[in-house]
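Student: Structure file my_file25.pdb (PDB, C-alpha atoms) right here:
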```pdb
ATOM      1  CA  MET A   1       3.043  -5.892 -16.844
ATOM      2  CA  SER A   2      -0.072  -4.828 -18.683
ATOM      3  CA  HIS A   3      -3.307  -4.032 -16.902
ATOM      4  CA  ILE A   4      -5.161  -6.885 -18.555
ATOM      5  CA  LEU A   5      -2.476  -9.401 -17.590
ATOM      6  CA  LEU A   6      -2.552  -8.246 -13.980
ATOM      7  CA  MET A   7      -6.335  -8.474 -13.968
ATOM      8  CA  ALA A   8      -6.150 -11.998 -15.387
ATOM      9  CA  LEU A   9      -3.546 -13.036 -12.809
ATOM     10  CA  TYR A  10      -5.699 -11.658 -10.025
ATOM     11  CA  ALA A  11      -8.781 -13.415 -11.379
ATOM     12  CA  VAL A  12      -6.938 -16.725 -11.686
ATOM     13  CA  GLN A  13      -5.570 -16.492  -8.177
ATOM     14  CA  VAL A  14      -8.882 -15.636  -6.527
ATOM     15  CA  SER A  15     -10.813 -18.167  -8.616
ATOM     16  CA  VAL A  16      -8.466 -21.022  -7.733
ATOM     17  CA  PHE A  17      -8.596 -20.037  -4.081
ATOM     18  CA  PHE A  18     -12.366 -20.092  -3.812
ATOM     19  CA  ALA A  19     -12.725 -23.170  -5.999
ATOM     20  CA  VAL A  20     -10.433 -25.146  -3.679
ATOM     21  CA  LEU A  21     -11.948 -23.602  -0.562
ATOM     22  CA  TRP A  22     -15.590 -24.162  -1.424
ATOM     23  CA  ARG A  23     -15.648 -27.325  -3.545
ATOM     24  CA  ARG A  24     -14.272 -30.807  -3.013
ATOM     25  CA  SER A  25     -14.450 -32.761  -6.263
ATOM     26  CA  PRO A  26     -12.147 -31.693  -9.105
ATOM     27  CA  ARG A  27     -15.131 -31.444 -11.435
ATOM     28  CA  ASP A  28     -16.957 -29.023  -9.163
ATOM     29  CA  GLN A  29     -13.766 -27.100  -8.557
ATOM     30  CA  GLY A  30     -13.197 -26.690 -12.276
ATOM     31  CA  LYS A  31     -16.766 -25.567 -12.801
ATOM     32  CA  LEU A  32     -16.613 -22.973 -10.028
ATOM     33  CA  PHE A  33     -13.198 -21.801 -11.210
ATOM     34  CA  LEU A  34     -14.535 -21.127 -14.689
ATOM     35  CA  GLN A  35     -17.591 -19.331 -13.345
ATOM     36  CA  LEU A  36     -15.543 -17.075 -11.083
ATOM     37  CA  PHE A  37     -12.774 -16.444 -13.585
ATOM     38  CA  LEU A  38     -15.061 -15.620 -16.467
ATOM     39  CA  GLY A  39     -17.286 -13.551 -14.183
ATOM     40  CA  MET A  40     -14.375 -11.418 -13.042
ATOM     41  CA  MET A  41     -12.813 -11.049 -16.477
ATOM     42  CA  VAL A  42     -16.018 -10.326 -18.361
ATOM     43  CA  GLY A  43     -17.332  -8.140 -15.533
ATOM     44  CA  GLY A  44     -14.091  -6.159 -15.449
ATOM     45  CA  LEU A  45     -14.089  -5.619 -19.198
ATOM     46  CA  VAL A  46     -17.744  -4.574 -19.201
ATOM     47  CA  LEU A  47     -17.102  -2.103 -16.383
ATOM     48  CA  ALA A  48     -14.082  -0.734 -18.223
ATOM     49  CA  TRP A  49     -16.141  -0.356 -21.384
ATOM     50  CA  LEU A  50     -18.928   1.439 -19.480
ATOM     51  CA  MET A  51     -16.416   3.827 -17.897
ATOM     52  CA  TYR A  52     -14.618   4.537 -21.148
ATOM     53  CA  PRO A  53     -16.664   7.681 -21.997
ATOM     54  CA  LEU A  54     -16.023   9.185 -18.564
ATOM     55  CA  PRO A  55     -13.301  11.843 -18.456
ATOM     56  CA  PRO A  56     -10.108  10.855 -16.647
ATOM     57  CA  SER A  57      -9.584  12.475 -13.282
ATOM     58  CA  PRO A  58      -6.497  14.626 -12.732
ATOM     59  CA  PRO A  59      -3.758  12.963 -10.697
ATOM     60  CA  GLY A  60      -4.009  13.642  -6.999
ATOM     61  CA  PRO A  61      -1.203  15.026  -4.843
ATOM     62  CA  ILE A  62       1.360  12.556  -3.584
ATOM     63  CA  PRO A  63       1.267  12.515   0.225
TER      64      PRO A  63
ATOM     65  CA  MET B   1     -28.207 -40.268  15.576
ATOM     66  CA  THR B   2     -25.204 -38.123  14.958
ATOM     67  CA  ALA B   3     -23.988 -36.146  17.903
ATOM     68  CA  GLU B   4     -22.712 -32.661  17.350
ATOM     69  CA  PRO B   5     -19.282 -31.989  18.781
ATOM     70  CA  ALA B   6     -19.726 -30.517  22.235
ATOM     71  CA  ASP B   7     -16.616 -28.391  21.971
ATOM     72  CA  PRO B   8     -15.419 -27.481  18.513
ATOM     73  CA  ALA B   9     -12.001 -26.724  19.946
ATOM     74  CA  LEU B  10     -11.480 -30.354  20.911
ATOM     75  CA  SER B  11     -13.365 -32.246  18.227
ATOM     76  CA  SER B  12     -11.781 -34.578  15.723
ATOM     77  CA  SER B  13     -11.594 -34.086  12.004
ATOM     78  CA  GLN B  14     -13.844 -36.127   9.749
ATOM     79  CA  GLU B  15     -10.992 -37.794   7.909
ATOM     80  CA  GLY B  16      -9.973 -39.698  10.997
ATOM     81  CA  LYS B  17      -6.788 -37.742  11.520
ATOM     82  CA  GLY B  18      -7.231 -37.832  15.277
ATOM     83  CA  HIS B  19      -8.023 -35.063  17.684
ATOM     84  CA  ARG B  20      -7.069 -31.614  16.559
ATOM     85  CA  ASN B  21      -7.356 -28.494  18.625
ATOM     86  CA  ALA B  22      -9.259 -25.802  16.732
ATOM     87  CA  PHE B  23      -7.425 -22.960  18.431
ATOM     88  CA  VAL B  24      -4.051 -24.411  17.500
ATOM     89  CA  ALA B  25      -5.294 -24.893  13.940
ATOM     90  CA  MET B  26      -6.434 -21.272  13.768
ATOM     91  CA  ILE B  27      -3.198 -19.884  15.145
ATOM     92  CA  LEU B  28      -1.118 -22.038  12.811
ATOM     93  CA  ALA B  29      -3.329 -21.061   9.886
ATOM     94  CA  TRP B  30      -2.790 -17.392  10.668
ATOM     95  CA  LEU B  31       0.938 -17.592  11.284
ATOM     96  CA  VAL B  32       1.841 -19.575   8.167
ATOM     97  CA  PRO B  33      -0.604 -19.788   5.233
ATOM     98  CA  GLY B  34      -1.684 -23.405   4.801
ATOM     99  CA  ALA B  35      -0.205 -24.577   8.105
ATOM    100  CA  GLY B  36      -3.626 -24.896   9.709
ATOM    101  CA  HIS B  37      -4.824 -27.214   6.970
ATOM    102  CA  LEU B  38      -1.595 -29.192   7.171
ATOM    103  CA  TYR B  39      -2.137 -29.594  10.909
ATOM    104  CA  LEU B  40      -5.655 -30.847  10.184
ATOM    105  CA  GLY B  41      -4.387 -33.403   7.679
ATOM    106  CA  ARG B  42      -5.465 -31.601   4.493
ATOM    107  CA  ARG B  43      -2.077 -31.724   2.843
ATOM    108  CA  SER B  44      -3.009 -31.081  -0.763
ATOM    109  CA  ARG B  45      -5.214 -28.137   0.126
ATOM    110  CA  ALA B  46      -2.509 -26.799   2.441
ATOM    111  CA  VAL B  47       0.010 -26.787  -0.405
ATOM    112  CA  VAL B  48      -2.412 -25.055  -2.778
ATOM    113  CA  PHE B  49      -3.272 -22.383  -0.214
ATOM    114  CA  LEU B  50       0.365 -21.821   0.683
ATOM    115  CA  LEU B  51       1.288 -21.367  -2.969
ATOM    116  CA  LEU B  52      -1.636 -19.022  -3.627
ATOM    117  CA  VAL B  53      -0.977 -16.740  -0.679
ATOM    118  CA  ALA B  54       2.775 -16.765  -1.309
ATOM    119  CA  PHE B  55       2.180 -15.932  -4.971
ATOM    120  CA  SER B  56      -0.050 -13.030  -3.997
ATOM    121  CA  ILE B  57       2.504 -11.666  -1.519
ATOM    122  CA  CYS B  58       5.424 -12.016  -3.934
ATOM    123  CA  LEU B  59       3.549 -10.360  -6.765
ATOM    124  CA  GLY B  60       2.386  -7.570  -4.460
ATOM    125  CA  VAL B  61       5.966  -6.897  -3.399
ATOM    126  CA  LEU B  62       7.274  -7.105  -6.963
ATOM    127  CA  LEU B  63       4.679  -4.522  -7.969
ATOM    128  CA  HIS B  64       5.771  -2.273  -5.061
ATOM    129  CA  GLY B  65       2.347  -2.379  -3.425
ATOM    130  CA  LYS B  66       1.539  -0.735  -0.134
ATOM    131  CA  LEU B  67       1.906  -2.657   3.101
ATOM    132  CA  PHE B  68      -0.592  -0.971   5.401
ATOM    133  CA  VAL B  69       0.350   0.421   8.784
ATOM    134  CA  VAL B  70      -1.877   2.296  11.214
ATOM    135  CA  LEU B  71      -1.814   6.040  10.625
ATOM    136  CA  PRO B  72      -3.376   8.097  13.430
ATOM    137  CA  ASP B  73      -4.962  10.651  11.093
ATOM    138  CA  GLN B  74      -6.394   7.997   8.746
ATOM    139  CA  PRO B  75      -8.927   5.757  10.524
ATOM    140  CA  LEU B  76      -9.418   3.541   7.471
ATOM    141  CA  SER B  77      -5.756   2.569   7.627
ATOM    142  CA  ARG B  78      -6.702   0.397  10.599
ATOM    143  CA  LEU B  79      -8.876  -1.771   8.357
ATOM    144  CA  GLY B  80      -6.119  -2.027   5.771
ATOM    145  CA  THR B  81      -3.604  -2.931   8.449
ATOM    146  CA  LEU B  82      -5.912  -5.566   9.882
ATOM    147  CA  ALA B  83      -6.413  -7.091   6.440
ATOM    148  CA  SER B  84      -2.692  -7.013   5.677
ATOM    149  CA  MET B  85      -1.790  -8.537   9.028
ATOM    150  CA  GLY B  86      -4.011 -11.449   8.079
ATOM    151  CA  MET B  87      -1.091 -12.858   6.106
ATOM    152  CA  GLY B  88       0.600 -13.706   9.417
ATOM    153  CA  ILE B  89       4.371 -14.005   9.760
ATOM    154  CA  PRO B  90       5.079 -12.653   6.247
ATOM    155  CA  TYR B  91       3.551  -9.314   7.268
ATOM    156  CA  PHE B  92       5.906  -8.915  10.195
ATOM    157  CA  VAL B  93       8.903 -10.076   8.176
ATOM    158  CA  LEU B  94       8.130  -7.548   5.451
ATOM    159  CA  GLN B  95       7.355  -4.779   7.920
ATOM    160  CA  PHE B  96       9.993  -5.159  10.588
ATOM    161  CA  VAL B  97      12.747  -7.362   9.154
ATOM    162  CA  LEU B  98      12.913  -6.152   5.580
ATOM    163  CA  GLY B  99      11.551  -2.663   6.245
ATOM    164  CA  TYR B 100       9.283  -2.958   3.202
ATOM    165  CA  ARG B 101       7.027   0.028   2.534
ATOM    166  CA  GLY B 102       6.161  -0.049  -1.146
ATOM    167  CA  ASP B 103       6.609   2.693  -3.683
ATOM    168  CA  ILE B 104       3.666   5.042  -4.024
ATOM    169  CA  GLN B 105       5.152   6.577  -7.169
ATOM    170  CA  GLY B 106       5.418   3.207  -8.907
ATOM    171  CA  SER B 107       3.075   2.671 -11.826
ATOM    172  CA  SER B 108       1.943  -0.684 -10.421
ATOM    173  CA  TYR B 109       1.496   0.545  -6.840
ATOM    174  CA  GLU B 110      -2.291   0.128  -6.737
ATOM    175  CA  TYR B 111      -2.147  -3.347  -8.246
ATOM    176  CA  GLY B 112       0.527  -4.406  -5.787
ATOM    177  CA  SER B 113      -1.528  -3.077  -2.894
ATOM    178  CA  ALA B 114      -4.518  -5.109  -4.080
ATOM    179  CA  PHE B 115      -2.446  -8.284  -4.201
ATOM    180  CA  LEU B 116      -1.015  -7.686  -0.713
ATOM    181  CA  LEU B 117      -4.422  -6.965   0.774
ATOM    182  CA  THR B 118      -5.879 -10.004  -0.968
ATOM    183  CA  ALA B 119      -3.144 -12.222   0.468
ATOM    184  CA  GLY B 120      -4.084 -11.136   3.985
ATOM    185  CA  LEU B 121      -7.802 -11.522   3.393
ATOM    186  CA  MET B 122      -7.394 -14.966   1.832
ATOM    187  CA  ASN B 123      -5.399 -16.113   4.823
ATOM    188  CA  LEU B 124      -8.054 -14.785   7.206
ATOM    189  CA  LEU B 125     -10.594 -16.928   5.351
ATOM    190  CA  LEU B 126      -8.249 -19.893   5.770
ATOM    191  CA  VAL B 127      -8.202 -19.263   9.526
ATOM    192  CA  LEU B 128     -12.007 -19.491   9.596
ATOM    193  CA  ASP B 129     -11.917 -22.560   7.357
ATOM    194  CA  ALA B 130      -9.487 -24.258   9.732
ATOM    195  CA  TRP B 131     -11.878 -23.553  12.590
ATOM    196  CA  ASP B 132     -14.769 -25.083  10.648
ATOM    197  CA  ILE B 133     -12.790 -28.206   9.751
ATOM    198  CA  ALA B 134     -11.519 -28.703  13.293
ATOM    199  CA  GLY B 135     -15.042 -28.249  14.618
ATOM    200  CA  GLY B 136     -16.410 -30.913  12.290
ATOM    201  CA  HIS B 137     -18.612 -28.446  10.425
ATOM    202  CA  LYS B 138     -16.762 -29.061   7.184
ATOM    203  CA  ASP B 139     -14.704 -31.906   5.767
TER     204      ASP B 139
END
```
Could you render the structure from this file as structure tokens?
Tutor:
Amino acid sequence: MSHILLMALYAVQVSVFFAVLWRRSPRDQGKLFLQLFLGMMVGGLVLAWLMYPLPPSPPGPIP
Amino acid sequence: MTAEPADPALSSSQEGKGHRNAFVAMILAWLVPGAGHLYLGRRSRAVVFLLLVAFSICLGVLLHGKLFVVLPDQPLSRLGTLASMGMGIPYFVLQFVLGYRGDIQGSSYEYGSAFLLTAGLMNLLLVLDAWDIAGGHKD
């Protein structure tokens, strides 16, 4: 699976979890879900973009 | 005047589901994801939580993520183990019944580890949520 798909799956899972855990009405749950999901996706992409110029680190030894 | 529950362990839930012991709810919530909420009468939420934690565990295993165990020379492994053990019975089934370890050379190893850790941490939050519901601090 691609990195972006895994990130989206993770964001969906965590967003649904906290939306159901912290909110009661479906409307509030949907609102919180969108906030969390978009926050994680956009935040992740922005972080990736900011790190893009950094050189990749060499692979570490396998223990 | 609304009286606060004297003992959260023996208070009733706010949906009129009868008396529910908070300690039993917490133990059930830890052992089986969603079971604590089912015990407290929150069926729909119990199903959602069960599916979410199960999804996270299955995906973590499919991605060959790491299931933490305590390593004497790595103190931080204790935190990882504690978080992973938060998933309850599935941790022990994976660890001792299926002998699951993960594959550190797999390309999706880190992602799988994140999903497995998240499953344990989510279930630990559900344990605390069950305590709050049983104590009447949350509906």
Student: For the provided coordinates, the residues matched by the ChimeraX specification (/A :<10) & /B should be stated as a VMD selection string.
Tutor: chain B and resid 44 to 45 48 to 49 51 to 53 55 to 56 59 63 104 to 105 107 to 108 111 to 112 114 to 115 118 to 119 122 125 to 126 129 138 to 139
Student: Return the single residue from A:Ala11, A:Pro55, A:Leu5, A:Arg23 that is closest to Gly39 of chain A, with distances computed using all atoms listed in the file.
Tutor: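 For Gly39 of chain A, the nearest of the candidates is A:Ala11.
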Student: Please enclose the listed atoms of segment 11-25 of chain A in an axis-aligned box, pad each side by 3 Å, and write out the centre and the three edge lengths in Å, rounded to one decimal, as JSON.
Tutor:
```
{"center_x": -10.6, "center_y": -23.1, "center_z": -6.1, "size_x": 16.1, "size_y": 25.3, "size_z": 17.1}
```
Student: Could you state which residues are captured by the PyMOL selection byres ((chain B and resi 30) around 7) in this file, as a list in words?
Tutor: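 Applied to this file, the PyMOL selection byres ((chain B and resi 30) around 7) returns Met26, Ile27, Leu28, Ala29, Leu31, Val32, Pro33, Gly86, Met87, Gly88, Asn123, Leu124 and Val127 of chain B.
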Student: Calculate how many Å separate atom CA of Ile89 of chain B from atom CA of Val24 of chain B, rounding to one decimal.
Tutor: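 Interatomic distance here is 15.5 Å.
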Student: So what do you get for atom CA of Met85 of chain B versus atom CA of Asn21 of chain B, distance-wise?
Tutor: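 About the pair atom CA of Met85 of chain B and atom CA of Asn21 of chain B: they are 22.8 Å apart.
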Student: Neighbouring residues of Arg101 of chain B were defined as those with any atom within 9 Å, considering all atoms listed in the file; residues of the same chain fewer than 6 positions away were excluded. Please report them as an mmCIF file with C-alpha atoms, in the frame of the given file.
Tutor:
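For reference, result30.cif as written:
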```cif
data_model
loop_
_atom_site.group_PDB
_atom_site.id
_atom_site.type_symbol
_atom_site.label_atom_id
_atom_site.label_comp_id
_atom_site.auth_asym_id
_atom_site.auth_seq_id
_atom_site.Cartn_x
_atom_site.Cartn_y
_atom_site.Cartn_z
ATOM 1 C CA HIS B 64 5.771 -2.273 -5.061
ATOM 2 C CA GLY B 65 2.347 -2.379 -3.425
ATOM 3 C CA LYS B 66 1.539 -0.735 -0.134
ATOM 4 C CA LEU B 67 1.906 -2.657 3.101
ATOM 5 C CA PHE B 68 -0.592 -0.971 5.401
ATOM 6 C CA LEU B 94 8.130 -7.548 5.451
ATOM 7 C CA GLN B 95 7.355 -4.779 7.920
#
```
Student: Just to confirm, what's the straight-line distance from atom CA of Arg20 of chain B to atom CA of Tyr39 of chain B in Å (one decimal)?
Tutor: 7.8 Å
